[in-house]
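Text of target-v6.cif (mmCIF, C-alpha atoms and all ligand atoms) as supplied:
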data_structure
#
loop_
_atom_site.label_atom_id
_atom_site.label_comp_id
_atom_site.auth_asym_id
_atom_site.auth_seq_id
_atom_site.Cartn_x
_atom_site.Cartn_y
_atom_site.Cartn_z
CA MET A 1 0.00 0.00 0.00
CA GLU A 2 1.38 3.42 -0.95
CA ILE A 3 1.18 6.33 1.48
CA TYR A 4 0.00 9.70 0.20
CA LEU A 5 -0.32 12.91 2.22
CA ASP A 6 -3.77 14.45 2.45
CA THR A 7 -2.75 18.09 2.86
CA ALA A 8 -1.75 21.17 0.88
CA ILE A 9 0.33 22.67 3.68
CA VAL A 10 3.86 22.90 2.37
CA ASP A 11 5.64 22.71 5.73
CA GLU A 12 3.74 19.52 6.59
CA ILE A 13 4.65 17.96 3.25
CA LYS A 14 8.33 18.86 3.67
CA GLU A 15 8.38 17.47 7.20
CA ILE A 16 6.86 14.09 6.38
CA GLN A 17 8.72 13.77 3.07
CA GLU A 18 11.90 13.47 5.10
CA TRP A 19 10.58 10.15 6.41
CA GLY A 20 11.12 8.78 2.90
CA LEU A 21 7.72 7.18 2.41
CA VAL A 22 5.52 9.77 0.72
CA ARG A 23 4.47 8.57 -2.75
CA GLY A 24 1.92 11.28 -3.60
CA VAL A 25 -0.38 14.00 -2.29
CA THR A 26 -4.12 14.57 -2.41
CA THR A 27 -5.64 18.02 -2.06
CA ASN A 28 -9.16 19.36 -2.08
CA PRO A 29 -10.62 22.89 -1.91
CA SER A 30 -10.99 22.71 1.89
CA LEU A 31 -7.36 21.66 2.36
CA ILE A 32 -6.18 24.42 0.04
CA ALA A 33 -8.37 26.97 1.86
CA GLN A 34 -6.49 26.02 5.06
CA THR A 35 -3.26 27.29 3.47
CA GLY A 36 -4.78 30.77 3.02
CA ARG A 37 -3.19 30.93 -0.42
CA ASP A 38 -4.40 31.30 -3.98
CA TYR A 39 -5.55 27.94 -5.38
CA LYS A 40 -3.05 27.72 -8.23
CA ASP A 41 -0.13 29.09 -6.18
CA ALA A 42 -0.75 26.51 -3.46
CA VAL A 43 -0.98 23.65 -5.97
CA MET A 44 2.13 24.77 -7.86
CA GLU A 45 4.20 24.75 -4.69
CA VAL A 46 2.97 21.26 -3.78
CA LEU A 47 3.84 20.09 -7.30
CA SER A 48 7.34 21.52 -6.95
CA LEU A 49 7.92 19.42 -3.83
CA VAL A 50 6.38 16.07 -4.66
CA ASP A 51 7.78 13.38 -6.94
CA GLY A 52 4.50 11.52 -7.35
CA PRO A 53 0.85 12.04 -8.28
CA VAL A 54 -0.81 15.17 -6.89
CA SER A 55 -4.62 15.24 -6.97
CA VAL A 56 -6.11 18.65 -7.71
CA GLU A 57 -9.86 19.03 -7.43
CA THR A 58 -12.05 20.60 -10.10
CA LEU A 59 -14.54 23.22 -8.99
CA SER A 60 -17.64 22.68 -11.09
CA ASP A 61 -20.49 20.24 -11.60
CA ASN A 62 -20.67 20.71 -15.34
CA ALA A 63 -18.82 18.19 -17.50
CA ALA A 64 -17.52 20.70 -20.06
CA GLU A 65 -16.21 22.96 -17.29
CA ILE A 66 -14.64 20.05 -15.42
CA VAL A 67 -12.87 18.90 -18.59
CA SER A 68 -11.69 22.42 -19.31
CA GLN A 69 -10.36 22.82 -15.75
CA GLY A 70 -8.74 19.39 -16.00
CA GLU A 71 -6.99 20.35 -19.21
CA GLU A 72 -5.73 23.52 -17.53
CA TYR A 73 -4.52 21.64 -14.43
CA ALA A 74 -2.71 19.13 -16.65
CA THR A 75 -0.54 22.00 -17.94
CA TRP A 76 0.59 22.74 -14.37
CA GLY A 77 2.67 19.58 -14.12
CA ASP A 78 3.15 16.06 -15.45
CA LEU A 79 2.08 14.50 -12.15
CA VAL A 80 -1.28 16.26 -11.83
CA VAL A 81 -4.26 13.98 -11.27
CA VAL A 82 -7.58 15.73 -11.84
CA LYS A 83 -9.95 15.15 -8.95
CA VAL A 84 -13.59 14.94 -9.96
CA ALA A 85 -16.70 14.55 -7.80
CA THR A 86 -18.59 11.33 -8.52
CA THR A 87 -21.75 12.80 -10.07
CA VAL A 88 -23.42 12.41 -13.48
CA GLU A 89 -21.43 15.37 -14.80
CA GLY A 90 -18.34 14.01 -13.08
CA LEU A 91 -18.63 10.63 -14.82
CA LYS A 92 -18.99 12.33 -18.21
CA ALA A 93 -15.89 14.40 -17.49
CA ILE A 94 -13.92 11.38 -16.23
CA SER A 95 -14.53 9.46 -19.46
CA GLN A 96 -13.62 12.50 -21.59
CA LEU A 97 -10.46 13.20 -19.59
CA ARG A 98 -9.50 9.53 -19.91
CA ALA A 99 -9.82 9.83 -23.70
CA LEU A 100 -7.53 12.88 -23.54
CA GLY A 101 -4.96 10.90 -21.55
CA ILE A 102 -5.45 13.03 -18.42
CA PRO A 103 -5.61 10.94 -15.23
CA THR A 104 -8.50 11.37 -12.82
CA ASN A 105 -9.32 10.64 -9.20
CA ALA A 106 -13.05 10.14 -8.55
CA THR A 107 -13.76 11.66 -5.17
CA LEU A 108 -16.60 11.88 -2.63
CA ILE A 109 -17.35 8.15 -2.94
CA PHE A 110 -19.68 6.74 -0.29
CA SER A 111 -21.11 3.59 -1.91
CA LEU A 112 -19.92 0.59 -3.87
CA ASN A 113 -22.15 1.67 -6.74
CA GLN A 114 -20.30 4.98 -6.94
CA SER A 115 -16.98 3.10 -6.96
CA ILE A 116 -18.19 0.79 -9.73
CA LEU A 117 -19.52 3.59 -11.92
CA ALA A 118 -16.46 5.81 -11.50
CA ALA A 119 -14.06 2.94 -12.21
CA GLU A 120 -16.07 1.83 -15.25
CA ALA A 121 -16.17 5.43 -16.55
CA GLY A 122 -12.38 5.35 -16.60
CA ALA A 123 -11.20 6.91 -13.34
CA ASN A 124 -7.55 6.06 -12.69
CA TYR A 125 -8.17 6.39 -8.96
CA ILE A 126 -11.30 6.14 -6.85
CA SER A 127 -11.49 7.61 -3.35
CA PRO A 128 -13.94 6.08 -0.85
CA PHE A 129 -14.30 8.47 2.12
CA VAL A 130 -13.84 6.24 5.14
CA GLY A 131 -14.13 8.70 8.02
CA ARG A 132 -17.12 10.59 6.69
CA LEU A 133 -18.97 7.32 6.12
CA ASP A 134 -18.11 6.09 9.61
CA ASP A 135 -19.37 9.43 10.97
CA ILE A 136 -22.92 8.57 9.87
CA GLY A 137 -22.78 4.98 11.09
CA GLY A 138 -21.53 3.42 7.85
CA ASP A 139 -18.66 1.01 7.28
CA GLY A 140 -15.94 3.03 5.57
CA ILE A 141 -13.31 0.31 5.56
CA GLY A 142 -15.90 -2.19 4.31
CA LEU A 143 -16.47 0.12 1.34
CA VAL A 144 -12.73 0.26 0.64
CA ALA A 145 -12.60 -3.56 0.76
CA GLU A 146 -15.54 -3.96 -1.64
CA SER A 147 -14.10 -1.33 -4.01
CA VAL A 148 -10.70 -3.06 -4.09
CA ASP A 149 -12.38 -6.41 -4.77
CA TYR A 150 -14.40 -4.91 -7.62
CA VAL A 151 -11.52 -3.26 -9.48
CA GLU A 152 -9.28 -6.29 -9.02
CA GLU A 153 -11.87 -8.91 -10.00
CA ASN A 154 -12.68 -6.87 -13.10
CA ASP A 155 -9.03 -6.18 -13.88
CA LEU A 156 -9.62 -2.42 -14.14
CA ASP A 157 -6.81 0.09 -14.46
CA CYS A 158 -7.90 1.84 -11.29
CA ASP A 159 -6.32 2.20 -7.85
CA VAL A 160 -8.39 2.57 -4.70
CA ILE A 161 -7.34 5.46 -2.46
CA SER A 162 -8.54 5.00 1.10
CA ALA A 163 -9.43 8.62 1.94
CA SER A 164 -10.91 10.66 4.75
CA LEU A 165 -8.80 8.72 7.23
CA ARG A 166 -9.10 10.00 10.79
CA HIS A 167 -7.00 7.78 13.06
CA PRO A 168 -4.23 5.16 12.98
CA GLN A 169 -6.66 2.22 12.99
CA HIS A 170 -7.96 3.43 9.63
CA LEU A 171 -4.43 3.13 8.23
CA GLU A 172 -3.93 -0.44 9.43
CA ASP A 173 -7.40 -1.46 8.30
CA SER A 174 -6.85 0.09 4.86
CA ALA A 175 -3.75 -2.07 4.45
CA LYS A 176 -5.53 -5.19 5.70
CA VAL A 177 -8.29 -4.88 3.09
CA GLY A 178 -5.83 -4.27 0.27
CA ALA A 179 -6.23 -0.55 -0.43
CA HIS A 180 -3.70 0.39 -3.10
CA ILE A 181 -3.13 3.80 -1.50
CA ALA A 182 -3.94 5.40 1.86
CA THR A 183 -4.01 9.19 1.88
CA CYS A 184 -3.27 10.44 5.37
CA PRO A 185 -3.24 13.73 7.23
CA PRO A 186 0.30 14.22 8.60
CA SER A 187 -1.06 14.19 12.17
CA LEU A 188 -2.41 10.67 11.61
CA LEU A 189 0.99 9.42 10.44
CA LYS A 190 2.67 10.88 13.52
CA LYS A 191 0.18 9.08 15.77
CA ALA A 192 0.56 5.88 13.75
CA LEU A 193 4.30 5.80 14.34
CA LYS A 194 4.11 6.29 18.09
CA HIS A 195 4.04 3.42 20.55
CA PRO A 196 4.63 3.79 24.29
CA LEU A 197 6.76 0.64 24.40
CA SER A 198 9.03 2.13 21.72
CA ASP A 199 9.47 5.27 23.84
CA ILE A 200 10.19 3.28 27.00
CA GLY A 201 12.57 0.96 25.16
CA LEU A 202 14.45 3.82 23.52
CA ALA A 203 14.87 5.66 26.83
CA ALA A 204 16.30 2.49 28.39
CA PHE A 205 18.65 1.90 25.44
CA PHE A 206 19.90 5.51 25.60
CA SER A 207 20.49 5.25 29.31
CA ASP A 208 22.41 1.97 29.03
CA TRP A 209 24.33 3.19 25.99
CA ARG A 210 25.50 6.23 27.95
CA LYS A 211 26.76 3.99 30.75
CA ALA A 212 28.74 1.88 28.28
CA SER A 213 29.87 4.54 25.80
CA ARG A 214 30.98 7.65 27.69
CA ASN A 215 33.52 8.59 25.02
CA VAL A 216 31.36 8.16 21.89
CA ARG A 217 31.23 11.39 19.88
CA GLY A 218 28.03 13.29 20.58
CA LEU A 219 27.41 11.59 23.89
CA GLU A 220 30.03 13.31 26.04
CA GLU A 221 28.57 15.00 29.09
O1 LIG A 301 -8.93 14.13 0.33
C1 LIG A 301 -10.20 14.15 0.80
C2 LIG A 301 -10.48 13.48 2.11
O2 LIG A 301 -9.43 12.75 2.57
C3 LIG A 301 -11.20 14.35 3.10
O3 LIG A 301 -11.07 13.97 4.43
O4 LIG A 301 -11.28 14.41 6.84
O5 LIG A 301 -12.30 16.02 5.22
O6 LIG A 301 -13.29 13.77 5.56
P1 LIG A 301 -12.04 14.57 5.57
#
Could the structure of this file be written out as structure tokens, please?
Amino acid sequence: MEIYLDTAIVDEIKEIQEWGLVRGVTTNPSLIAQTGRDYKDAVMEVLSLVDGPVSVETLSDNAAEIVSQGEEYATWGDLVVVKVATTVEGLKAISQLRALGIPTNATLIFSLNQSILAAEAGANYISPFVGRLDDIGGDGIGLVAESVDYVEENDLDCDVISASLRHPQHLEDSAKVGAHIATCPPSLLKKALKHPLSDIGLAAFFSDWRKASRNVRGLEE
């Protein structure tokens, strides 16, 4: 499973990129609004930092406008993936963008039917929203599992992005059900890495190392 960052905040991207595991970034209008910057400026800076797909959301529910925005976004960088809401107009735009060779990420997916229709329309990525579905008593991870099964059983050229992840259990569960990608807020990744036994063990190792290695460079008192 690949790890993407679900943020448009440049400092967060730089920080987590140093971990060496970031394979792409997903943005949406709300995440870009959090940066306080102009939409294109924010996206361009993300694109300059990331060596992997960057999803950039279209801002219309009219197929012709979505396609036109997608064509414009595609000129911003080779790794742009055009994010499209999974609506009637969105499906039309996804199939047209596919024909133009512009990759798409079908977003705001809350049902297996939406996953099926977006994947069949030609979306390169589909994004079930796990946390938002859980919020209303649904089974977000179950939807990811069913979506993965569908695209794999039908041999579709479509990766499932487990999105709207809220806590570390969502990350583990996404991997267990075979999500191709998990897009994570940086705060989730920090929580996912922490374990109290690691902290206790590291403190003990440092303490014992100091006892045994008083003259090691960097450890002198
Ligand atoms: O990228 C979109 C998605 O991950 C949104 O997450 O937390 O706003 O439901 P959230």
Checklist entry - If we count all atoms listed in the file, what is near Gly101 (chain A) at a cut-off of 12 Å, once residues fewer than 2 positions away on the same chain are taken out, given as number ranges by chain? => result A: 67, 70-71, 74, 78, 80-82, 94-99, 103-104, 122-124
Checklist entry - So what do you get for CA of Glu57 (chain A) versus CA of Ala85 (chain A), distance-wise? => result 8.2 Å
Using all atoms listed in the file, which protein or nucleic acid residues come within 12 Å of region 16-19 of chain A? Drop anything in the same chain fewer than 2 positions from it, and give the result as a PDB file with C-alpha atoms, keeping the file's coordinate frame.
ATOM      1  CA  ILE A   3       1.180   6.330   1.480  1.00  0.00           C
ATOM      2  CA  TYR A   4       0.000   9.700   0.200  1.00  0.00           C
ATOM      3  CA  LEU A   5      -0.320  12.910   2.220  1.00  0.00           C
ATOM      4  CA  ASP A   6      -3.770  14.450   2.450  1.00  0.00           C
ATOM      5  CA  THR A   7      -2.750  18.090   2.860  1.00  0.00           C
ATOM      6  CA  ILE A   9       0.330  22.670   3.680  1.00  0.00           C
ATOM      7  CA  VAL A  10       3.860  22.900   2.370  1.00  0.00           C
ATOM      8  CA  ASP A  11       5.640  22.710   5.730  1.00  0.00           C
ATOM      9  CA  GLU A  12       3.740  19.520   6.590  1.00  0.00           C
ATOM     10  CA  ILE A  13       4.650  17.960   3.250  1.00  0.00           C
ATOM     11  CA  LYS A  14       8.330  18.860   3.670  1.00  0.00           C
ATOM     12  CA  LEU A  21       7.720   7.180   2.410  1.00  0.00           C
ATOM     13  CA  VAL A  22       5.520   9.770   0.720  1.00  0.00           C
ATOM     14  CA  ARG A  23       4.470   8.570  -2.750  1.00  0.00           C
ATOM     15  CA  GLY A  24       1.920  11.280  -3.600  1.00  0.00           C
ATOM     16  CA  VAL A  25      -0.380  14.000  -2.290  1.00  0.00           C
ATOM     17  CA  VAL A  46       2.970  21.260  -3.780  1.00  0.00           C
ATOM     18  CA  LEU A  49       7.920  19.420  -3.830  1.00  0.00           C
ATOM     19  CA  VAL A  50       6.380  16.070  -4.660  1.00  0.00           C
ATOM     20  CA  ASP A  51       7.780  13.380  -6.940  1.00  0.00           C
ATOM     21  CA  GLY A  52       4.500  11.520  -7.350  1.00  0.00           C
ATOM     22  CA  CYS A 184      -3.270  10.440   5.370  1.00  0.00           C
ATOM     23  CA  PRO A 185      -3.240  13.730   7.230  1.00  0.00           C
ATOM     24  CA  PRO A 186       0.300  14.220   8.600  1.00  0.00           C
ATOM     25  CA  SER A 187      -1.060  14.190  12.170  1.00  0.00           C
ATOM     26  CA  LEU A 188      -2.410  10.670  11.610  1.00  0.00           C
ATOM     27  CA  LEU A 189       0.990   9.420  10.440  1.00  0.00           C
ATOM     28  CA  LYS A 190       2.670  10.880  13.520  1.00  0.00           C
ATOM     29  CA  LEU A 193       4.300   5.800  14.340  1.00  0.00           C
TER      30      LEU A 193
END
Item to check | Surroundings of ligand LIG 301 (chain A) up to 12 Å, based on only C-alpha atoms and all ligand atoms, as number ranges by chain | outcome: A: 4-8, 24-32, 34, 54-57, 83-85, 105-110, 126-136, 140, 161-167, 170, 181-188
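Computed from the coordinates, the CA of Ile116 (chain A) to CA of Gly90 (chain A) distance equals 13.6 Å.
Here CA of Leu91 (chain A) is placed at a distance of 26.1 Å from CA of Met1 (chain A).
Nearest residue to Ser111 (chain A) among A:Gly20, A:Gly201, A:Gly142, A:Pro168 is A:Gly142, counting all atoms listed in the file.
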Item to check | Nearest to Leu171 (chain A) by atom-to-atom distance, counting only C-alpha atoms, from A:Ser60, A:Ala119, A:Lys191, A:Asp157 | outcome: A:Lys191
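Take the candidates A:Gly178, A:Trp76, A:Ser147, A:Asp61 and check each one against Ala42 (chain A) using all atoms listed in the file; the shortest distance goes to A:Trp76.
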